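Asks: Provided below: structure-v1.txt, containing compact mmCIF, C-alpha atoms and all ligand atoms.
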# COMPACT_ATOMS: atom_id res chain seq x y z
CA MET E 209 6.76 -0.22 -24.49
CA PHE E 210 8.93 -0.82 -21.48
CA VAL E 211 11.31 -3.21 -23.15
CA ARG E 212 14.20 -0.79 -23.26
CA PRO E 213 14.43 0.32 -19.63
CA ILE E 214 14.03 -3.23 -18.47
CA ALA E 215 16.68 -4.32 -20.91
CA ALA E 216 18.85 -1.66 -19.32
CA LEU E 217 18.05 -2.97 -15.86
CA ALA E 218 18.58 -6.56 -16.96
CA GLY E 219 21.88 -5.41 -18.40
CA LEU E 220 22.89 -4.04 -15.03
CA CYS E 221 21.91 -7.36 -13.53
CA LEU E 222 24.03 -9.32 -15.98
CA PHE E 223 27.04 -7.14 -15.34
CA ALA E 224 26.49 -7.45 -11.62
CA ALA E 225 26.68 -11.21 -12.00
CA ALA E 226 30.14 -11.00 -13.57
CA PRO E 227 32.38 -11.18 -10.52
CA PHE E 228 35.02 -8.59 -11.40
CA ALA E 229 32.68 -6.10 -12.98
CA GLN E 230 30.45 -5.76 -9.92
CA ALA E 231 31.84 -2.59 -8.45
CA GLN E 232 31.45 -0.49 -11.60
CA ASP E 233 28.23 -1.94 -12.97
CA LYS E 234 25.98 -2.07 -9.95
CA PRO E 235 23.97 1.15 -9.69
CA THR E 236 25.21 3.37 -6.88
CA ASP E 237 22.93 4.61 -4.10
CA PRO E 238 22.54 8.08 -5.72
CA GLN E 239 21.57 6.35 -8.99
CA ILE E 240 19.20 3.93 -7.24
CA ALA E 241 17.51 6.82 -5.45
CA HIS E 242 17.06 8.58 -8.80
CA ILE E 243 15.64 5.47 -10.50
CA ALA E 244 13.18 4.77 -7.67
CA TYR E 245 12.04 8.39 -7.55
CA THR E 246 11.65 8.50 -11.34
CA ALA E 247 9.61 5.28 -11.32
CA GLY E 248 7.21 6.93 -8.86
CA VAL E 249 6.96 10.18 -10.83
CA ILE E 250 6.11 8.24 -13.98
CA ASP E 251 3.18 6.53 -12.30
CA VAL E 252 1.96 9.82 -10.83
CA GLU E 253 1.97 11.32 -14.35
CA ALA E 254 0.12 8.32 -15.77
CA GLY E 255 -2.43 8.70 -12.95
CA LYS E 256 -2.97 12.37 -13.78
CA LEU E 257 -3.58 11.50 -17.41
CA ALA E 258 -6.11 8.80 -16.43
CA LYS E 259 -7.84 11.18 -14.02
CA ASP E 260 -8.33 13.66 -16.89
CA LYS E 261 -9.33 11.13 -19.53
CA SER E 262 -11.32 8.36 -17.86
CA LYS E 263 -15.02 8.59 -17.06
CA THR E 264 -15.11 5.31 -15.17
CA LYS E 265 -15.28 5.79 -11.39
CA ASP E 266 -13.17 2.72 -10.54
CA VAL E 267 -10.46 3.82 -12.96
CA VAL E 268 -10.44 7.41 -11.68
CA ASP E 269 -10.34 6.15 -8.05
CA PHE E 270 -7.42 3.89 -8.90
CA ALA E 271 -5.61 6.74 -10.67
CA ASN E 272 -6.12 9.02 -7.65
CA GLN E 273 -4.71 6.35 -5.37
CA MET E 274 -1.63 5.96 -7.58
CA ILE E 275 -1.07 9.72 -7.46
CA GLN E 276 -1.46 9.88 -3.66
CA ASP E 277 0.58 6.76 -2.87
CA HIS E 278 3.53 7.52 -5.13
CA GLU E 279 3.62 11.18 -4.12
CA ALA E 280 3.63 10.15 -0.44
CA VAL E 281 6.40 7.61 -0.92
CA ASN E 282 8.46 10.04 -2.99
CA VAL E 283 8.21 12.59 -0.17
CA GLN E 284 9.64 9.89 2.13
CA ALA E 285 12.36 9.18 -0.42
CA LEU E 286 13.31 12.86 -0.66
CA ASP E 287 13.38 13.15 3.14
CA LEU E 288 15.67 10.15 3.30
CA VAL E 289 18.15 11.29 0.64
CA LYS E 290 18.30 14.66 2.36
CA LYS E 291 18.98 13.01 5.70
CA LEU E 292 21.63 10.75 4.16
CA ASN E 293 23.10 13.68 2.28
CA VAL E 294 22.77 11.79 -0.99
CA THR E 295 22.11 13.68 -4.22
CA PRO E 296 20.04 11.54 -6.63
CA GLU E 297 22.04 11.12 -9.80
CA ASP E 298 20.48 10.85 -13.26
CA ASN E 299 21.58 7.79 -15.18
CA ALA E 300 20.88 5.65 -18.27
CA THR E 301 18.14 3.61 -16.57
CA SER E 302 16.23 6.68 -15.36
CA LYS E 303 16.53 8.22 -18.83
CA ALA E 304 15.28 5.03 -20.52
CA LEU E 305 12.34 4.81 -18.09
CA THR E 306 11.36 8.40 -18.78
CA LYS E 307 11.67 7.98 -22.55
CA ALA E 308 9.50 4.85 -22.56
CA ALA E 309 6.92 6.58 -20.35
CA THR E 310 6.75 9.56 -22.71
CA GLU E 311 6.07 7.20 -25.61
CA LYS E 312 3.42 5.30 -23.65
CA ARG E 313 1.79 8.57 -22.68
CA ALA E 314 1.45 9.58 -26.34
CA GLU E 315 -0.07 6.18 -27.12
CA LEU E 316 -2.58 6.44 -24.25
CA SER E 317 -3.48 10.04 -25.07
CA ALA E 318 -4.74 8.93 -28.49
CA LEU E 319 -7.28 6.56 -26.91
CA ASP E 320 -10.69 7.25 -25.37
CA GLY E 321 -13.44 5.58 -23.36
CA ALA E 322 -13.23 1.86 -22.74
CA ALA E 323 -10.15 1.53 -24.97
CA PHE E 324 -8.32 4.07 -22.83
CA ASP E 325 -9.39 2.42 -19.54
CA LYS E 326 -8.19 -0.96 -20.71
CA ALA E 327 -4.89 0.29 -22.10
CA TYR E 328 -4.18 2.36 -18.98
CA LEU E 329 -4.85 -0.53 -16.60
CA ASP E 330 -2.97 -3.07 -18.73
CA ASN E 331 -0.02 -0.72 -18.70
CA GLU E 332 -0.32 -0.20 -14.94
CA VAL E 333 -0.13 -3.97 -14.43
CA ALA E 334 2.84 -4.34 -16.79
CA TYR E 335 4.64 -1.26 -15.47
CA HIS E 336 4.35 -2.21 -11.79
CA LYS E 337 5.43 -5.74 -12.63
CA GLN E 338 8.57 -4.51 -14.36
CA VAL E 339 9.46 -2.07 -11.61
CA ASN E 340 8.97 -4.91 -9.09
CA GLU E 341 11.43 -7.07 -10.99
CA ALA E 342 13.97 -4.29 -11.16
CA LEU E 343 13.57 -3.62 -7.43
CA GLU E 344 13.92 -7.28 -6.52
CA LYS E 345 16.75 -8.20 -8.85
CA VAL E 346 18.83 -5.05 -9.17
CA LEU E 347 17.94 -2.10 -6.99
CA ILE E 348 17.44 -3.74 -3.59
CA PRO E 349 20.46 -6.06 -3.85
CA SER E 350 22.63 -3.16 -5.05
CA ALA E 351 21.62 -0.64 -2.37
CA GLN E 352 24.41 -0.05 0.11
CA ASN E 353 22.71 2.11 2.71
CA ALA E 354 20.47 0.11 5.07
CA GLU E 355 17.78 2.81 5.27
CA LEU E 356 17.66 3.15 1.50
CA LYS E 357 17.38 -0.62 1.20
CA GLN E 358 14.50 -0.63 3.66
CA LEU E 359 12.67 2.13 1.80
CA LEU E 360 13.07 0.15 -1.44
CA GLU E 361 11.72 -2.97 0.27
CA THR E 362 8.64 -1.05 1.41
CA GLY E 363 8.43 0.39 -2.11
CA LEU E 364 8.45 -3.13 -3.50
CA LYS E 365 5.48 -4.11 -1.31
CA LEU E 366 3.67 -0.96 -2.40
CA PHE E 367 4.29 -1.66 -6.10
CA GLN E 368 3.24 -5.30 -5.62
CA GLY E 369 0.05 -4.07 -3.96
CA HIS E 370 -0.63 -1.71 -6.83
CA GLN E 371 -0.03 -4.48 -9.35
CA ALA E 372 -2.57 -6.71 -7.57
CA HIS E 373 -5.04 -3.82 -7.33
CA ALA E 374 -4.61 -2.93 -11.02
CA GLU E 375 -5.25 -6.57 -11.93
CA GLN E 376 -8.48 -6.51 -9.90
CA VAL E 377 -9.74 -3.25 -11.39
CA ALA E 378 -8.86 -4.50 -14.89
CA ALA E 379 -10.77 -7.75 -14.29
CA GLU E 380 -13.82 -5.86 -13.03
CA LEU E 381 -13.94 -3.70 -16.18
CA LYS E 382 -14.90 -6.68 -18.27
CA MET S 175 -37.63 -2.45 53.07
CA SER S 176 -40.09 -1.07 50.53
CA ILE S 177 -40.55 -2.60 47.12
CA GLU S 178 -38.79 0.36 45.52
CA HIS S 179 -35.82 0.02 47.82
CA ARG S 180 -35.60 -3.67 47.24
CA SER S 181 -35.61 -3.35 43.46
CA LEU S 182 -32.98 -0.62 43.63
CA TRP S 183 -30.89 -2.81 45.87
CA LEU S 184 -31.33 -5.74 43.47
CA ALA S 185 -30.28 -3.52 40.60
CA VAL S 186 -27.12 -2.50 42.44
CA VAL S 187 -26.26 -6.01 43.53
CA LEU S 188 -27.08 -7.83 40.31
CA VAL S 189 -26.68 -5.44 37.42
CA LEU S 190 -23.81 -3.23 38.45
CA PRO S 191 -21.25 -6.01 39.02
CA LEU S 192 -22.28 -7.50 35.70
CA ALA S 193 -21.68 -4.21 33.95
CA ILE S 194 -18.31 -3.81 35.69
CA ALA S 195 -17.32 -7.37 34.76
CA GLN S 196 -18.21 -6.73 31.12
CA ALA S 197 -16.36 -3.44 31.05
CA ALA S 198 -13.32 -5.10 32.60
CA GLN S 199 -13.40 -7.90 30.07
CA ALA S 200 -13.71 -5.75 26.97
CA GLU S 201 -10.24 -5.16 25.59
CA THR S 202 -8.67 -2.85 23.09
CA ILE S 203 -6.50 -4.71 20.62
CA GLN S 204 -3.93 -2.74 18.72
CA VAL S 205 -3.19 -3.64 15.12
CA VAL S 206 -0.33 -1.70 13.60
CA ILE S 207 0.00 -1.10 9.87
CA ASP S 208 3.60 -0.30 9.08
CA LYS S 209 5.63 -0.67 5.89
CA MET S 210 2.72 -2.19 3.98
CA ALA S 211 1.82 -4.95 6.45
CA PHE S 212 -0.70 -5.63 9.23
CA SER S 213 0.78 -6.67 12.56
CA PRO S 214 -0.32 -9.02 13.97
CA THR S 215 -1.83 -10.70 10.94
CA ALA S 216 -3.97 -13.03 13.06
CA ILE S 217 -6.27 -11.24 15.50
CA SER S 218 -8.33 -13.01 18.18
CA ALA S 219 -10.98 -10.99 19.96
CA LYS S 220 -14.28 -11.21 21.81
CA VAL S 221 -17.59 -9.53 21.07
CA GLY S 222 -17.45 -6.10 22.70
CA ASP S 223 -13.69 -5.70 22.21
CA THR S 224 -12.34 -2.80 20.23
CA ILE S 225 -9.68 -2.90 17.55
CA GLU S 226 -7.45 0.13 17.34
CA TRP S 227 -6.03 0.21 13.81
CA ILE S 228 -2.83 2.27 13.91
CA ASN S 229 -1.72 3.22 10.41
CA LYS S 230 1.91 4.38 10.49
CA ASP S 231 2.26 4.45 6.70
CA PRO S 232 2.03 7.66 4.67
CA VAL S 233 -0.61 6.03 2.45
CA VAL S 234 -4.30 5.21 2.99
CA HIS S 235 -5.15 1.58 3.66
CA THR S 236 -8.37 -0.29 4.37
CA ALA S 237 -9.35 -3.29 6.45
CA THR S 238 -11.92 -4.92 4.22
CA VAL S 239 -13.95 -8.10 4.55
CA LYS S 240 -15.29 -8.71 1.10
CA GLY S 241 -19.07 -8.30 0.96
CA GLU S 242 -19.21 -7.59 4.70
CA TRP S 243 -17.54 -4.49 6.05
CA GLU S 244 -14.71 -2.05 5.49
CA VAL S 245 -12.80 0.30 7.74
CA MET S 246 -10.90 3.16 6.07
CA LEU S 247 -7.46 3.68 7.56
CA PRO S 248 -6.21 7.18 6.70
CA ALA S 249 -2.46 7.80 6.47
CA LYS S 250 -0.70 8.34 9.80
CA LYS S 251 -3.94 8.00 11.80
CA SER S 252 -5.60 5.63 14.24
CA VAL S 253 -9.15 4.37 13.86
CA THR S 254 -11.13 2.33 16.39
CA GLN S 255 -13.68 -0.33 15.56
CA ARG S 256 -15.97 -2.03 18.12
CA LEU S 257 -16.57 -5.67 17.37
CA GLU S 258 -20.29 -6.29 17.57
CA LYS S 259 -20.68 -9.88 16.39
CA LYS S 260 -19.05 -13.28 16.33
CA GLU S 261 -17.21 -13.93 13.10
CA ALA S 262 -14.14 -15.59 11.63
CA VAL S 263 -13.09 -13.69 8.54
CA ASP S 264 -10.20 -12.93 6.22
CA PHE S 265 -9.58 -9.24 5.75
CA TYR S 266 -7.35 -7.41 3.29
CA CYS S 267 -6.50 -3.93 2.11
CA ARG S 268 -8.63 -3.06 -0.90
CA PHE S 269 -5.98 -0.64 -2.18
CA HIS S 270 -3.07 -3.06 -1.71
CA PRO S 271 -4.60 -6.54 -1.93
CA ASN S 272 -1.28 -8.15 -0.99
CA MET S 273 -1.87 -6.95 2.59
CA LYS S 274 -3.89 -9.60 4.42
CA GLY S 275 -4.97 -10.79 7.85
CA LYS S 276 -7.41 -12.97 9.77
CA LEU S 277 -9.88 -11.87 12.44
CA THR S 278 -11.65 -14.22 14.83
CA VAL S 279 -14.31 -12.78 17.13
CA ASP S 280 -15.69 -15.21 19.74
CU CU Y 401 -3.10 -0.75 1.70
In C-alpha cells, how does this file's structure come out?

Replies:
Amino acid sequence: MFVRPIAALAGLCLFAAAPFAQAQDKPTDPQIAHIAYTAGVIDVEAGKLAKDKSKTKDVVDFANQMIQDHEAVNVQALDLVKKLNVTPEDNATSKALTKAATEKRAELSALDGAAFDKAYLDNEVAYHKQVNEALEKVLIPSAQNAELKQLLETGLKLFQGHQAHAEQVAAELK
Amino acid sequence: MSIEHRSLWLAVVLVLPLAIAQAAQAETIQVVIDKMAFSPTAISAKVGDTIEWINKDPVVHTATVKGEWEVMLPAKKSVTQRLEKKEAVDFYCRFHPNMKGKLTVD
C-alpha cells in the first residue's frame, strides 16, 4: 500500500498551503532530489523483481523498460546534483516510500503467474499515478533551483508516460 | 546522328534533369525528441522526403503508427526514415504513449 507516503506528501502539501508555515514545511531541494531519486530506485527494483518472476513477454519487456528508463533518469539526476553541489538528504517521505515499497515487494513475491503479472501492473499504474501527483503538487512547486525543477518536469512526463504504458499492458493482459 | 547517339542524347536531356529536380525537391526534415516530447508535433512532408529523428533523451523512444509501422529511436541517437508513400497518420511513442504527433505525407 502506498497510502502512507502519499499521506506524508499530502501532509507536506497541506503545510505548504498554510502561509506562515511554508518555509519550514516545503521540502528543500536536497530533500526533493532524494525523494525523486528514491522514487526511481523503487521502480527499478520492482522491475527487477518482475523480470525474474514473470514469464509473459509483454510484462518482462515493460519491466526492462522501467529499469532502463529510471536508471537513465537517475544518472541524469546524480549528474545534476553533483553539478549543483547538492547532497541529496534522506527525509520522512523518502523513508515512507521505501517502507511501503518493501511491503509491496513482499506481497508481490508471494504471487506467481497471471496473478503476479496483474498485481505488478496494477501496482505500476497506482505507483506512477501517486508519484505524478506528488511531483505535480509538492515536488515541482517546491523546487527552488531552475534546473532541478526542469528535471522534475521531465520526470513527470516520463512517469505519466509509464503510467499510460502500464495501463495499456494491463489492458492487453486480459 | 545515329540511333544510339540520339537515344543517349534523349536520356541526358529528358531523364537527367528530372532526376536532378527530384533530388533537389526531396528534403530532410528534422524531428527532435527532447524532454519527452516530439518537436514539431505536426510534420508535413512529401513522398521521397526523409525524416531524421533526433532523440536527445537518455531513454529509448519509438515513432509508432498503430498497425502500420514503427521506428525505434535509441537513446541519444539519430535515425533516418525515407517516406515511401502518401499517408496522413497519428504517431506516438509505444513506450510513453503520452508522446504524440501527426505526420502528413503528400
Ligand atoms: Cu517514449

Asks: At a cut-off of 6 Å and counting all atoms listed in the file, what residues surround ligand CU 401 (chain Y)? Please answer as a list in words.

Replies: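 These are the residues that qualify: His235, Thr236, Cys267, Phe269 and His270 of chain S.
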
Asks: Taking all atoms listed in the file into account, name the residue in E:Ala354, E:Leu319, E:Val281, E:Ile348 that is nearest to chain S.

Replies: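 That would be E:Val281, the residue with the smallest distance to chain S.
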
Asks: Write out as a CSV table (one decimal) with C-alpha atoms, keeping the file's coordinate frame which residues come within 9 Å of Val279 in chain S when counting all atoms listed in the file, dropping same-chain ones fewer than 2 positions away.

Replies:
chain,number,residue,atom,x,y,z
S,217,ILE,CA,-6.3,-11.2,15.5
S,218,SER,CA,-8.3,-13.0,18.2
S,219,ALA,CA,-11.0,-11.0,20.0
S,220,LYS,CA,-14.3,-11.2,21.8
S,221,VAL,CA,-17.6,-9.5,21.1
S,223,ASP,CA,-13.7,-5.7,22.2
S,257,LEU,CA,-16.6,-5.7,17.4
S,258,GLU,CA,-20.3,-6.3,17.6
S,259,LYS,CA,-20.7,-9.9,16.4
S,260,LYS,CA,-19.0,-13.3,16.3
S,261,GLU,CA,-17.2,-13.9,13.1
S,262,ALA,CA,-14.1,-15.6,11.6
S,263,VAL,CA,-13.1,-13.7,8.5
S,277,LEU,CA,-9.9,-11.9,12.4

Asks: Applying 12 Å and all atoms listed in the file, which residues near Ile207 in chain S remain after dropping the ones on its own chain fewer than 5 positions away? List them as number ranges by chain.

Replies: S: 212-215, 226-237, 247-253, 266-267, 273-275

Asks: Counting all atoms listed in the file, which residues from chain E have an atom at most 7 Å from any atom of chain S, and could you show them as a list in words?

Replies: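 Taking all atoms listed in the file into account, Asp277, Ala280, Thr362, Lys365, Leu366, Gly369, His370, Ala372 and His373 of chain E sit within 7 Å of chain S.
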
Asks: What's the separation between CA of Gln376 in chain E and CA of Lys307 in chain E, in Å to one decimal place?

Replies: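 Between CA of Gln376 in chain E and CA of Lys307 in chain E the gap works out to 27.9 Å.
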
Asks: To one decimal place in Å, what is the distance between CA of Thr254 in chain S and CA of Ile203 in chain S?

Replies: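 These atoms are spaced 9.4 Å apart.
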
Asks: Mind pulling up the distance from CA of Gln338 in chain E to CA of Asp325 in chain E?

Replies: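 Interatomic distance here is 19.9 Å.
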
Asks: Within 6 Å of Lys276 in chain S, counting all atoms listed in the file, which residues qualify if same-chain residues fewer than 5 places away don't, as a PyMOL selection string?

Replies: chain S and resi 216+263-265

Asks: Rank E:Asn272, E:Gln371, E:Thr295, E:Asn282 by their smallest atom-to-atom distance to Leu257 in chain E, using only C-alpha atoms, and report the top residue only.

Replies: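 Ranked by minimum distance to Leu257 in chain E, first place goes to E:Asn272.
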
Asks: Nearest to Val267 in chain E among E:Ala300, E:Phe324, E:Leu359, E:Thr246, with distances taken over only C-alpha atoms: which residue is it?

Replies: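 Smallest distance to Val267 in chain E is found for E:Phe324.
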